[in-house]
$ cat my_file.cif   # mmCIF, C-alpha atoms
data_protein
loop_
_atom_site.label_atom_id
_atom_site.label_comp_id
_atom_site.auth_asym_id
_atom_site.auth_seq_id
_atom_site.Cartn_x
_atom_site.Cartn_y
_atom_site.Cartn_z
CA MET K 1 18.32 -14.74 -19.77
CA ALA K 2 17.52 -11.02 -19.82
CA ASP K 3 18.16 -9.17 -16.57
CA SER K 4 16.25 -6.15 -15.25
CA GLY K 5 18.11 -3.76 -17.50
CA GLY K 6 17.43 -5.61 -20.71
CA THR K 7 20.95 -7.05 -21.18
CA GLN K 8 21.79 -10.71 -21.47
CA GLN K 9 23.15 -12.63 -18.52
CA THR K 10 24.05 -16.23 -17.84
CA THR K 11 22.61 -17.58 -14.61
CA THR K 12 24.05 -20.36 -12.48
CA LEU K 13 21.01 -20.57 -10.21
CA ARG K 14 19.51 -24.05 -10.14
CA ALA K 15 15.75 -24.36 -10.67
CA VAL K 16 15.14 -26.99 -7.98
CA LEU K 17 12.37 -25.50 -5.83
CA GLY K 18 8.92 -27.00 -6.12
CA ARG K 19 5.57 -25.64 -5.02
CA TRP K 20 5.78 -26.95 -1.46
CA HIS K 21 9.39 -25.83 -1.01
CA LEU K 22 8.25 -22.31 -1.87
CA ILE K 23 5.30 -22.47 0.51
CA ALA K 24 7.64 -23.61 3.29
CA ILE K 25 9.91 -20.64 2.54
CA GLY K 26 6.94 -18.27 2.72
CA ILE K 27 5.55 -19.72 5.96
CA GLY K 28 9.00 -19.83 7.51
CA ALA K 29 9.57 -16.17 6.67
CA ILE K 30 6.18 -15.06 8.00
CA ILE K 31 6.20 -17.04 11.25
CA GLY K 32 8.85 -15.34 13.33
CA SER K 33 9.17 -13.73 16.70
CA GLY K 34 6.39 -11.26 15.81
CA ILE K 35 3.47 -13.64 16.26
CA PHE K 36 4.74 -14.65 19.70
CA VAL K 37 5.17 -11.07 20.93
CA ILE K 38 3.10 -8.45 19.09
CA PRO K 39 -0.50 -9.71 19.60
CA GLY K 40 -0.34 -9.37 23.38
CA PRO K 41 0.59 -5.68 23.68
CA ALA K 42 -1.64 -4.83 20.70
CA ALA K 43 -4.62 -6.45 22.43
CA ALA K 44 -3.83 -4.91 25.81
CA GLN K 45 -3.35 -1.38 24.53
CA PHE K 46 -5.56 -0.99 21.48
CA ALA K 47 -8.06 -3.67 20.46
CA GLY K 48 -8.77 -6.08 23.32
CA PRO K 49 -10.02 -9.51 22.21
CA ALA K 50 -11.01 -7.91 18.89
CA ILE K 51 -7.32 -8.07 17.98
CA VAL K 52 -8.42 -11.12 15.98
CA ILE K 53 -10.35 -8.74 13.69
CA SER K 54 -7.17 -6.69 13.37
CA PHE K 55 -5.40 -9.81 12.13
CA ILE K 56 -8.10 -10.39 9.52
CA ILE K 57 -7.83 -6.79 8.28
CA ALA K 58 -4.04 -7.01 8.14
CA ALA K 59 -4.25 -10.32 6.28
CA PHE K 60 -6.53 -8.73 3.68
CA GLY K 61 -4.06 -5.90 3.13
CA CYS K 62 -1.19 -8.36 2.78
CA ALA K 63 -3.24 -10.43 0.34
CA LEU K 64 -3.62 -7.39 -1.93
CA ALA K 65 0.13 -6.86 -1.87
CA GLY K 66 0.63 -10.59 -2.36
CA LEU K 67 -1.52 -10.57 -5.49
CA CYS K 68 0.65 -7.78 -6.91
CA TYR K 69 3.80 -9.75 -6.11
CA ALA K 70 2.24 -12.87 -7.63
CA GLU K 71 1.42 -11.09 -10.89
CA LEU K 72 4.81 -9.43 -11.15
CA SER K 73 6.67 -12.64 -10.30
CA ALA K 74 4.82 -14.46 -13.06
CA MET K 75 5.71 -11.69 -15.53
CA PHE K 76 9.37 -11.45 -14.46
CA PRO K 77 10.49 -14.79 -12.95
CA LEU K 78 13.94 -13.50 -12.01
CA ALA K 79 15.87 -13.43 -8.77
CA GLY K 80 15.61 -10.06 -7.09
CA SER K 81 11.93 -9.59 -6.24
CA ALA K 82 11.17 -5.89 -5.69
CA TYR K 83 14.52 -4.89 -7.21
CA VAL K 84 13.56 -6.44 -10.55
CA PHE K 85 10.01 -5.09 -10.45
CA THR K 86 11.17 -1.56 -9.64
CA SER K 87 13.88 -1.63 -12.30
CA LYS K 88 11.36 -2.68 -14.94
CA ALA K 89 8.88 0.01 -13.95
CA PHE K 90 11.07 2.99 -13.01
CA GLY K 91 14.58 2.30 -14.27
CA ARG K 92 17.88 1.02 -12.93
CA LEU K 93 18.51 3.83 -10.45
CA ALA K 94 15.22 3.25 -8.64
CA GLY K 95 15.88 -0.48 -8.76
CA TRP K 96 19.36 0.05 -7.31
CA LEU K 97 17.92 2.00 -4.38
CA VAL K 98 15.22 -0.59 -3.71
CA GLY K 99 17.76 -3.39 -3.98
CA TRP K 100 19.95 -1.87 -1.30
CA LEU K 101 16.92 -1.27 0.90
CA LEU K 102 16.09 -4.98 0.59
CA VAL K 103 19.65 -5.89 1.54
CA LEU K 104 19.48 -3.66 4.60
CA GLU K 105 16.07 -5.09 5.53
CA TYR K 106 17.33 -8.67 5.43
CA LEU K 107 20.53 -7.77 7.29
CA LEU K 108 18.54 -6.14 10.08
CA ALA K 109 16.07 -9.02 10.23
CA ALA K 110 18.87 -11.59 10.39
CA ALA K 111 20.57 -9.66 13.20
CA LEU K 112 17.38 -9.33 15.25
CA VAL K 113 16.32 -12.95 14.79
CA SER K 114 19.78 -14.31 15.62
CA GLN K 115 19.89 -12.15 18.74
CA ALA K 116 16.46 -13.36 19.87
CA ALA K 117 17.34 -16.99 19.16
CA ALA K 118 20.57 -16.60 21.10
CA SER K 119 18.64 -15.26 24.10
CA TYR K 120 16.25 -18.23 24.07
CA LEU K 121 19.12 -20.71 23.76
CA ALA K 122 20.95 -19.02 26.62
CA ASP K 123 17.82 -19.27 28.78
CA LEU K 124 17.60 -22.98 28.04
CA ALA K 125 21.27 -23.42 28.95
CA GLY K 126 20.69 -22.00 32.43
CA PRO K 127 20.85 -18.76 34.46
CA GLY K 128 24.63 -18.52 34.16
CA ALA K 129 24.58 -18.60 30.38
CA ALA K 130 21.61 -16.24 30.19
CA SER K 131 23.45 -13.67 32.29
CA SER K 132 26.58 -13.74 30.11
CA GLU K 133 26.41 -10.67 27.87
CA LEU K 134 29.36 -11.85 25.79
CA LEU K 135 27.64 -15.14 25.05
CA VAL K 136 24.19 -13.78 24.28
CA ARG K 137 25.09 -10.60 22.42
CA PHE K 138 28.13 -11.70 20.45
CA LEU K 139 29.14 -15.36 20.40
CA LEU K 140 25.83 -17.20 19.89
CA PRO K 141 24.47 -14.83 17.22
CA VAL K 142 27.72 -15.18 15.25
CA VAL K 143 27.53 -18.97 15.51
CA LEU K 144 23.89 -19.01 14.38
CA LEU K 145 24.51 -16.68 11.44
CA SER K 146 27.59 -18.69 10.44
CA GLY K 147 25.50 -21.86 10.42
CA ALA K 148 22.87 -20.20 8.23
CA ALA K 149 25.56 -18.96 5.86
CA ALA K 150 27.04 -22.46 5.65
CA LEU K 151 23.65 -23.83 4.63
CA ALA K 152 23.27 -21.16 1.97
CA VAL K 153 26.71 -21.95 0.55
CA ARG K 154 25.85 -25.64 0.23
CA GLY K 155 23.07 -24.80 -2.20
CA VAL K 156 19.42 -23.92 -2.41
CA ASP K 157 18.24 -27.53 -2.17
CA CYS K 158 20.00 -28.00 1.18
CA SER K 159 18.68 -24.65 2.41
CA ALA K 160 15.16 -25.60 1.32
CA ARG K 161 15.27 -28.79 3.38
CA ALA K 162 16.50 -26.89 6.43
CA VAL K 163 13.77 -24.26 6.00
CA ALA K 164 11.14 -27.00 5.68
CA LEU K 165 12.34 -28.57 8.94
CA LEU K 166 12.37 -25.28 10.85
CA THR K 167 8.98 -24.33 9.43
CA THR K 168 7.53 -27.64 10.59
CA ILE K 169 8.83 -26.98 14.10
CA LYS K 170 7.38 -23.46 14.22
CA VAL K 171 4.01 -24.57 12.92
CA GLY K 172 4.08 -27.39 15.46
CA VAL K 173 4.60 -24.91 18.30
CA ILE K 174 1.61 -22.83 17.20
CA LEU K 175 -0.62 -25.90 16.79
CA THR K 176 0.45 -27.16 20.23
CA VAL K 177 -0.56 -23.86 21.83
CA ILE K 178 -3.89 -23.92 20.01
CA VAL K 179 -4.77 -27.55 20.76
CA PHE K 180 -3.77 -27.64 24.42
CA GLY K 181 -4.66 -24.04 25.23
CA ALA K 182 -8.19 -24.28 23.80
CA ARG K 183 -9.23 -26.44 26.77
CA TYR K 184 -8.51 -23.54 29.13
CA VAL K 185 -10.34 -20.79 27.24
CA ASP K 186 -12.82 -18.84 29.37
CA VAL K 187 -15.32 -17.05 27.13
CA ASP K 188 -15.77 -14.38 29.81
CA ASN K 189 -12.31 -13.14 28.86
CA TRP K 190 -13.77 -12.22 25.47
CA ARG K 191 -16.33 -9.85 27.00
CA PRO K 192 -16.50 -7.15 25.89
CA PHE K 193 -15.12 -8.38 22.58
CA ILE K 194 -14.58 -4.80 21.39
CA PRO K 195 -13.85 -2.70 24.53
CA GLU K 196 -15.39 0.74 24.63
CA ASN K 197 -13.29 3.54 23.22
CA LYS K 198 -11.59 5.69 25.87
CA GLY K 199 -12.17 8.95 24.04
CA THR K 200 -8.90 8.86 22.13
CA TRP K 201 -8.56 7.56 18.60
CA GLY K 202 -6.91 4.16 18.60
CA GLU K 203 -7.57 3.28 22.23
CA PHE K 204 -10.11 0.48 21.90
CA GLY K 205 -13.36 0.65 19.99
CA TRP K 206 -13.28 0.25 16.22
CA SER K 207 -10.49 2.80 15.92
CA GLY K 208 -8.43 0.57 18.21
CA VAL K 209 -9.14 -2.40 15.96
CA LEU K 210 -7.84 -0.44 12.96
CA ARG K 211 -4.80 0.73 14.90
CA GLY K 212 -4.18 -2.84 15.97
CA ALA K 213 -4.31 -3.94 12.33
CA GLY K 214 -1.51 -1.54 11.51
CA ILE K 215 0.58 -3.01 14.30
CA VAL K 216 -0.04 -6.71 13.71
CA PHE K 217 0.65 -6.17 9.99
CA TYR K 218 4.28 -6.68 11.01
CA THR K 219 3.60 -10.32 11.85
CA TYR K 220 2.86 -11.04 8.18
CA LEU K 221 6.03 -9.49 6.81
CA GLY K 222 8.24 -11.94 4.95
CA PHE K 223 5.80 -13.39 2.45
CA ASP K 224 7.59 -11.46 -0.30
CA THR K 225 10.63 -13.67 0.30
CA VAL K 226 8.98 -16.21 -1.98
CA ALA K 227 9.38 -13.85 -4.93
CA VAL K 228 13.13 -13.65 -4.31
CA ALA K 229 13.40 -17.35 -5.18
CA ALA K 230 11.57 -17.03 -8.51
CA GLN K 231 14.64 -17.87 -10.58
CA GLU K 232 15.23 -21.03 -8.52
CA ALA K 233 11.66 -22.29 -8.92
CA ARG K 234 10.90 -25.09 -11.36
CA ARG K 235 7.69 -23.47 -12.62
CA PRO K 236 7.84 -19.85 -11.45
CA GLN K 237 4.81 -18.62 -13.41
CA ARG K 238 2.57 -21.15 -11.66
CA ASP K 239 4.27 -21.92 -8.35
CA ILE K 240 5.33 -18.45 -7.15
CA PRO K 241 1.75 -17.02 -7.13
CA PHE K 242 0.48 -20.23 -5.52
CA ALA K 243 3.14 -20.09 -2.80
CA LEU K 244 2.64 -16.38 -2.10
CA ILE K 245 -1.10 -16.64 -1.55
CA GLY K 246 -0.86 -20.11 -0.03
CA SER K 247 1.65 -19.10 2.65
CA LEU K 248 -0.41 -16.04 3.58
CA THR K 249 -3.58 -18.14 3.81
CA ILE K 250 -2.00 -20.86 5.94
CA CYS K 251 -0.43 -18.36 8.33
CA THR K 252 -3.73 -16.50 8.70
CA LEU K 253 -5.50 -19.77 9.52
CA LEU K 254 -2.86 -20.39 12.20
CA PHE K 255 -2.71 -16.88 13.64
CA ILE K 256 -6.45 -16.38 14.14
CA PRO K 257 -7.11 -19.39 16.42
CA MET K 258 -3.85 -18.77 18.26
CA VAL K 259 -4.87 -15.20 19.09
CA LEU K 260 -8.37 -16.34 20.08
CA VAL K 261 -6.90 -18.93 22.44
CA MET K 262 -4.42 -16.46 23.92
CA THR K 263 -7.05 -13.80 24.68
CA GLY K 264 -9.45 -16.48 25.91
CA MET K 265 -7.01 -17.93 28.44
CA VAL K 266 -6.34 -14.68 30.29
CA ASP K 267 -7.75 -11.16 30.55
CA PHE K 268 -6.37 -9.14 27.65
CA ARG K 269 -5.11 -6.42 30.01
CA ALA K 270 -2.52 -8.86 31.35
CA LEU K 271 -0.97 -9.38 27.92
CA ASN K 272 0.99 -6.14 27.75
CA VAL K 273 4.27 -8.02 28.14
CA ALA K 274 7.07 -9.31 25.93
CA ASN K 275 5.97 -12.93 26.39
CA PRO K 276 2.15 -12.90 26.15
CA ILE K 277 1.95 -16.58 25.22
CA GLY K 278 3.87 -17.44 28.39
CA VAL K 279 1.51 -15.30 30.48
CA ALA K 280 -1.53 -16.99 28.95
CA ILE K 281 -0.10 -20.45 29.56
CA ALA K 282 0.82 -19.56 33.14
CA ALA K 283 -2.77 -18.43 33.75
CA ALA K 284 -3.99 -21.91 32.87
CA GLY K 285 -2.30 -23.35 35.95
CA PRO K 286 0.21 -26.13 36.58
CA GLU K 287 -1.43 -28.44 34.06
CA LEU K 288 0.23 -26.52 31.22
CA HIS K 289 3.49 -25.84 33.01
CA TRP K 290 5.30 -28.20 30.63
CA LEU K 291 4.14 -26.13 27.66
CA GLY K 292 5.42 -22.89 29.15
CA THR K 293 8.85 -24.36 29.66
#
$ encode --input "my_file.cif" --output "structure tokens"
Amino acid sequence: MADSGGTQQTTTLRAVLGRWHLIAIGIGAIIGSGIFVIPGPAAAQFAGPAIVISFIIAAFGCALAGLCYAELSAMFPLAGSAYVFTSKAFGRLAGWLVGWLLVLEYLLAAALVSQAAASYLADLAGPGAASSELLVRFLLPVVLLSGAAALAVRGVDCSARAVALLTTIKVGVILTVIVFGARYVDVDNWRPFIPENKGTWGEFGWSGVLRGAGIVFYTYLGFDTVAVAAQEARRPQRDIPFALIGSLTICTLLFIPMVLVMTGMVDFRALNVANPIGVAIAAAGPELHWLGT
């Protein structure tokens, strides 16, 4: 198979990923800590309840990028994603730079996610564990990353099953918040839907909605991960574009009602915290205490 520089290479990657495996990878990459943190402060500081419009605008921008990735992945169904595309368009040096930027991006993301997961696990273990800096900052993240590496070493099919399981859990959490939280929505919390601008660009009003879109754009990052698996897909020309657009669409259909429920359960000004979902659930009263825990 020809690589990005036009030479011949022999690949050992197994083409085992189907359409739904790829969608699970895309959804799993998109749904991260961002959706559980970013919408609250963005609503409280910039857009108010209209943060849902910000999500729609951000989704449209991601869809345009996703269409580009879909077209390029169909043209060059090779492992490497943006590295391959850049190498084809601008040469090996540009591709080399982009490739290393991708490596650094994934390293940073893995470090941040493992650290956050370690903090949540320590909280579940009890106050003593949560207060142990050695446990939270060093030991648990290393254990989590080692487990992920072990899955990757076992092969893409094993990794795909693990990703599908984790994605199901994350989607289940969002659906649980939507279904049970919808009963406690107070429409008065949506008034005014677009708060009046405070005289400064980006502080509420339509400028705040646009500023919010730039911030919540982060919650969609990760959809391009699907393109990285192009060489391991059974039918990359058909399934990669489908998975890219499909994962973006599904996540948008999950994010919009979740944000509507969150801003409907509590006044948006109270959401300027690191755990806005927890604040919204707490505002519902003891009936949803089990969900907050």
$ residues_around --input "my_file.cif" --residues "K:Arg238" --least-positions-apart "3" --cutoff "9 Å" --atoms "all atoms listed in the file" --output "VMD selection string"
chain K and resid 19 74 235 241 to 243
$ closest_residue --input "my_file.cif" --among "K:Ile35, K:Leu244, K:Leu166, K:Gly40" --to "K:Ile23" --atoms "all atoms listed in the file"
K:Leu244
$ closest_residue --input "my_file.cif" --among "K:Leu67, K:Leu112, K:Ile53, K:Ala117" --to "K:Ile256" --atoms "all atoms listed in the file"
K:Ile53
$ residues_near_point --input "my_file.cif" --point "(5.7, -21.0, -0.8)" --cutoff "8 Å" --atoms "all atoms listed in the file" --output "count of residues only"
17
$ residues_near_point --input "my_file.cif" --point "(4.9, -14.0, -13.8)" --cutoff "9 Å" --atoms "all atoms listed in the file" --output "PyMOL selection string"
chain K and resi 69-77+236-238+240-241
$ atom_distance --input "my_file.cif" --atom1 "atom CA of K:Ala110" --atom2 "atom CA of K:Gly80"
17.8 Å
$ atom_distance --input "my_file.cif" --atom1 "atom CA of K:Ala160" --atom2 "atom CA of K:Ala63"
23.9 Å
$ residues_around --input "my_file.cif" --residues "K:Pro195" --least-positions-apart "6" --cutoff "7 Å" --atoms "only C-alpha atoms" --output "VMD selection string"
chain K and resid 48 204 to 205
$ residues_around --input "my_file.cif" --residues "K:Ala282" --least-positions-apart "3" --cutoff "12 Å" --atoms "only C-alpha atoms" --output "JSON, numbers by chain"
{"K": [181, 184, 262, 265, 266, 270, 271, 275, 276, 277, 278, 279, 285, 286, 287, 288, 289, 290, 291, 292, 293]}
$ write_last_selection --input "my_file.cif" --atoms "C-alpha atoms" --output "short mmCIF file (atom, residue, chain, number, x, y, z; two decimals), in the coordinates of the input"
data_model
loop_
_atom_site.label_atom_id
_atom_site.label_comp_id
_atom_site.auth_asym_id
_atom_site.auth_seq_id
_atom_site.Cartn_x
_atom_site.Cartn_y
_atom_site.Cartn_z
CA GLY K 181 -4.66 -24.04 25.23
CA TYR K 184 -8.51 -23.54 29.13
CA MET K 262 -4.42 -16.46 23.92
CA MET K 265 -7.01 -17.93 28.44
CA VAL K 266 -6.34 -14.68 30.29
CA ALA K 270 -2.52 -8.86 31.35
CA LEU K 271 -0.97 -9.38 27.92
CA ASN K 275 5.97 -12.93 26.39
CA PRO K 276 2.15 -12.90 26.15
CA ILE K 277 1.95 -16.58 25.22
CA GLY K 278 3.87 -17.44 28.39
CA VAL K 279 1.51 -15.30 30.48
CA GLY K 285 -2.30 -23.35 35.95
CA PRO K 286 0.21 -26.13 36.58
CA GLU K 287 -1.43 -28.44 34.06
CA LEU K 288 0.23 -26.52 31.22
CA HIS K 289 3.49 -25.84 33.01
CA TRP K 290 5.30 -28.20 30.63
CA LEU K 291 4.14 -26.13 27.66
CA GLY K 292 5.42 -22.89 29.15
CA THR K 293 8.85 -24.36 29.66
#
$ closest_residue --input "my_file.cif" --among "K:Leu253, K:Ile281, K:Val228, K:Val142" --to "K:Gly99" --atoms "all atoms listed in the file"
K:Val228
$ atom_distance --input "my_file.cif" --atom1 "atom CA of K:Asn272" --atom2 "atom CA of K:Val37"
9.4 Å
$ resolve_selection --input "my_file.cif" --expression "the PyMOL selection byres ((chain K and resi 34) around 12)" --output "PyMOL selection string"
chain K and resi 29-33+35-42+109+112-113+116+215-222+255+274-277
$ resolve_selection --input "my_file.cif" --expression "the PyMOL selection byres ((chain K and resi 171-174) around 9)" --output "PDB file with C-alpha atoms, in the coordinates of the input"
ATOM      1  CA  ILE K  27       5.550 -19.720   5.960  1.00  0.00           C
ATOM      2  CA  GLY K  28       9.000 -19.830   7.510  1.00  0.00           C
ATOM      3  CA  ILE K  31       6.200 -17.040  11.250  1.00  0.00           C
ATOM      4  CA  LEU K 166      12.370 -25.280  10.850  1.00  0.00           C
ATOM      5  CA  THR K 167       8.980 -24.330   9.430  1.00  0.00           C
ATOM      6  CA  THR K 168       7.530 -27.640  10.590  1.00  0.00           C
ATOM      7  CA  ILE K 169       8.830 -26.980  14.100  1.00  0.00           C
ATOM      8  CA  LYS K 170       7.380 -23.460  14.220  1.00  0.00           C
ATOM      9  CA  LEU K 175      -0.620 -25.900  16.790  1.00  0.00           C
ATOM     10  CA  THR K 176       0.450 -27.160  20.230  1.00  0.00           C
ATOM     11  CA  VAL K 177      -0.560 -23.860  21.830  1.00  0.00           C
ATOM     12  CA  ILE K 178      -3.890 -23.920  20.010  1.00  0.00           C
ATOM     13  CA  VAL K 179      -4.770 -27.550  20.760  1.00  0.00           C
ATOM     14  CA  CYS K 251      -0.430 -18.360   8.330  1.00  0.00           C
ATOM     15  CA  LEU K 254      -2.860 -20.390  12.200  1.00  0.00           C
ATOM     16  CA  PHE K 255      -2.710 -16.880  13.640  1.00  0.00           C
ATOM     17  CA  MET K 258      -3.850 -18.770  18.260  1.00  0.00           C
TER      18      MET K 258
END
$ resolve_selection --input "my_file.cif" --expression "the PyMOL selection byres ((chain K and resi 212) around 7)" --output "PDB file with C-alpha atoms, in the coordinates of the input"
ATOM      1  CA  ALA K  42      -1.640  -4.830  20.700  1.00  0.00           C
ATOM      2  CA  PHE K  46      -5.560  -0.990  21.480  1.00  0.00           C
ATOM      3  CA  ALA K  47      -8.060  -3.670  20.460  1.00  0.00           C
ATOM      4  CA  ILE K  51      -7.320  -8.070  17.980  1.00  0.00           C
ATOM      5  CA  SER K  54      -7.170  -6.690  13.370  1.00  0.00           C
ATOM      6  CA  GLY K 208      -8.430   0.570  18.210  1.00  0.00           C
ATOM      7  CA  VAL K 209      -9.140  -2.400  15.960  1.00  0.00           C
ATOM      8  CA  LEU K 210      -7.840  -0.440  12.960  1.00  0.00           C
ATOM      9  CA  ARG K 211      -4.800   0.730  14.900  1.00  0.00           C
ATOM     10  CA  ALA K 213      -4.310  -3.940  12.330  1.00  0.00           C
ATOM     11  CA  GLY K 214      -1.510  -1.540  11.510  1.00  0.00           C
ATOM     12  CA  ILE K 215       0.580  -3.010  14.300  1.00  0.00           C
ATOM     13  CA  VAL K 216      -0.040  -6.710  13.710  1.00  0.00           C
TER      14      VAL K 216
END
$ closest_residue --input "my_file.cif" --among "K:Leu140, K:Leu64, K:Ala50, K:Leu151" --to "K:Trp190" --atoms "all atoms listed in the file"
K:Ala50
$ residues_around --input "my_file.cif" --residues "K:Val185" --least-positions-apart "2" --cutoff "6 Å" --atoms "only C-alpha atoms" --output "list in words"
Ala182, Arg183, Gly264 and Met265 of chain K
$ decode --input "my_file.cif" --residues "stretch 82-90 of chain K" --atoms "all heavy atoms" --output "PDB file, in the first residue's frame"
ATOM      1  N   ALA K  82      -4.922  13.546   9.873  1.00  0.00           N
ATOM      2  CA  ALA K  82      -4.430  14.833   9.383  1.00  0.00           C
ATOM      3  C   ALA K  82      -2.983  14.766   8.912  1.00  0.00           C
ATOM      4  O   ALA K  82      -2.574  15.534   8.036  1.00  0.00           O
ATOM      5  CB  ALA K  82      -4.577  15.894  10.470  1.00  0.00           C
ATOM      6  N   TYR K  83      -2.192  13.851   9.473  1.00  0.00           N
ATOM      7  CA  TYR K  83      -0.810  13.690   9.012  1.00  0.00           C
ATOM      8  C   TYR K  83      -0.777  13.294   7.531  1.00  0.00           C
ATOM      9  O   TYR K  83      -0.029  13.870   6.731  1.00  0.00           O
ATOM     10  CB  TYR K  83      -0.097  12.630   9.851  1.00  0.00           C
ATOM     11  CG  TYR K  83       1.108  12.039   9.173  1.00  0.00           C
ATOM     12  CD1 TYR K  83       2.283  12.781   9.039  1.00  0.00           C
ATOM     13  CD2 TYR K  83       1.068  10.750   8.639  1.00  0.00           C
ATOM     14  CE1 TYR K  83       3.388  12.253   8.388  1.00  0.00           C
ATOM     15  CE2 TYR K  83       2.169  10.223   7.984  1.00  0.00           C
ATOM     16  CZ  TYR K  83       3.326  10.969   7.867  1.00  0.00           C
ATOM     17  OH  TYR K  83       4.410  10.450   7.221  1.00  0.00           O
ATOM     18  N   VAL K  84      -1.600  12.304   7.176  1.00  0.00           N
ATOM     19  CA  VAL K  84      -1.647  11.850   5.788  1.00  0.00           C
ATOM     20  C   VAL K  84      -2.173  12.948   4.879  1.00  0.00           C
ATOM     21  O   VAL K  84      -1.606  13.228   3.807  1.00  0.00           O
ATOM     22  CB  VAL K  84      -2.523  10.590   5.665  1.00  0.00           C
ATOM     23  CG1 VAL K  84      -2.729  10.213   4.199  1.00  0.00           C
ATOM     24  CG2 VAL K  84      -1.895   9.432   6.413  1.00  0.00           C
ATOM     25  N   PHE K  85      -3.238  13.613   5.300  1.00  0.00           N
ATOM     26  CA  PHE K  85      -3.849  14.642   4.458  1.00  0.00           C
ATOM     27  C   PHE K  85      -2.870  15.788   4.210  1.00  0.00           C
ATOM     28  O   PHE K  85      -2.752  16.293   3.088  1.00  0.00           O
ATOM     29  CB  PHE K  85      -5.123  15.181   5.112  1.00  0.00           C
ATOM     30  CG  PHE K  85      -6.101  14.118   5.530  1.00  0.00           C
ATOM     31  CD1 PHE K  85      -6.962  14.338   6.596  1.00  0.00           C
ATOM     32  CD2 PHE K  85      -6.167  12.903   4.854  1.00  0.00           C
ATOM     33  CE1 PHE K  85      -7.866  13.366   6.976  1.00  0.00           C
ATOM     34  CE2 PHE K  85      -7.066  11.932   5.232  1.00  0.00           C
ATOM     35  CZ  PHE K  85      -7.917  12.160   6.302  1.00  0.00           C
ATOM     36  N   THR K  86      -2.180  16.209   5.276  1.00  0.00           N
ATOM     37  CA  THR K  86      -1.230  17.310   5.143  1.00  0.00           C
ATOM     38  C   THR K  86      -0.044  16.920   4.274  1.00  0.00           C
ATOM     39  O   THR K  86       0.442  17.716   3.457  1.00  0.00           O
ATOM     40  CB  THR K  86      -0.730  17.760   6.525  1.00  0.00           C
ATOM     41  OG1 THR K  86      -1.857  18.068   7.359  1.00  0.00           O
ATOM     42  CG2 THR K  86       0.148  18.984   6.416  1.00  0.00           C
ATOM     43  N   SER K  87       0.430  15.693   4.431  1.00  0.00           N
ATOM     44  CA  SER K  87       1.558  15.229   3.626  1.00  0.00           C
ATOM     45  C   SER K  87       1.203  15.205   2.147  1.00  0.00           C
ATOM     46  O   SER K  87       2.013  15.575   1.283  1.00  0.00           O
ATOM     47  CB  SER K  87       1.990  13.839   4.084  1.00  0.00           C
ATOM     48  OG  SER K  87       2.463  13.858   5.414  1.00  0.00           O
ATOM     49  N   LYS K  88      -0.013  14.766   1.838  1.00  0.00           N
ATOM     50  CA  LYS K  88      -0.444  14.723   0.445  1.00  0.00           C
ATOM     51  C   LYS K  88      -0.555  16.124  -0.153  1.00  0.00           C
ATOM     52  O   LYS K  88      -0.225  16.347  -1.321  1.00  0.00           O
ATOM     53  CB  LYS K  88      -1.798  14.021   0.357  1.00  0.00           C
ATOM     54  CG  LYS K  88      -1.765  12.529   0.634  1.00  0.00           C
ATOM     55  CD  LYS K  88      -1.129  11.767  -0.517  1.00  0.00           C
ATOM     56  CE  LYS K  88      -1.240  10.264  -0.315  1.00  0.00           C
ATOM     57  NZ  LYS K  88      -0.629   9.506  -1.425  1.00  0.00           N
ATOM     58  N   ALA K  89      -1.019  17.066   0.659  1.00  0.00           N
ATOM     59  CA  ALA K  89      -1.283  18.409   0.136  1.00  0.00           C
ATOM     60  C   ALA K  89      -0.048  19.301   0.142  1.00  0.00           C
ATOM     61  O   ALA K  89       0.169  20.077  -0.804  1.00  0.00           O
ATOM     62  CB  ALA K  89      -2.406  19.069   0.937  1.00  0.00           C
ATOM     63  N   PHE K  90       0.791  19.201   1.190  1.00  0.00           N
ATOM     64  CA  PHE K  90       1.863  20.178   1.371  1.00  0.00           C
ATOM     65  C   PHE K  90       3.252  19.557   1.508  1.00  0.00           C
ATOM     66  O   PHE K  90       4.230  20.286   1.693  1.00  0.00           O
ATOM     67  CB  PHE K  90       1.580  21.036   2.618  1.00  0.00           C
ATOM     68  CG  PHE K  90       0.268  21.749   2.569  1.00  0.00           C
ATOM     69  CD1 PHE K  90      -0.791  21.342   3.368  1.00  0.00           C
ATOM     70  CD2 PHE K  90       0.070  22.825   1.714  1.00  0.00           C
ATOM     71  CE1 PHE K  90      -2.022  21.995   3.321  1.00  0.00           C
ATOM     72  CE2 PHE K  90      -1.137  23.482   1.663  1.00  0.00           C
ATOM     73  CZ  PHE K  90      -2.199  23.070   2.467  1.00  0.00           C
TER      74      PHE K  90
END
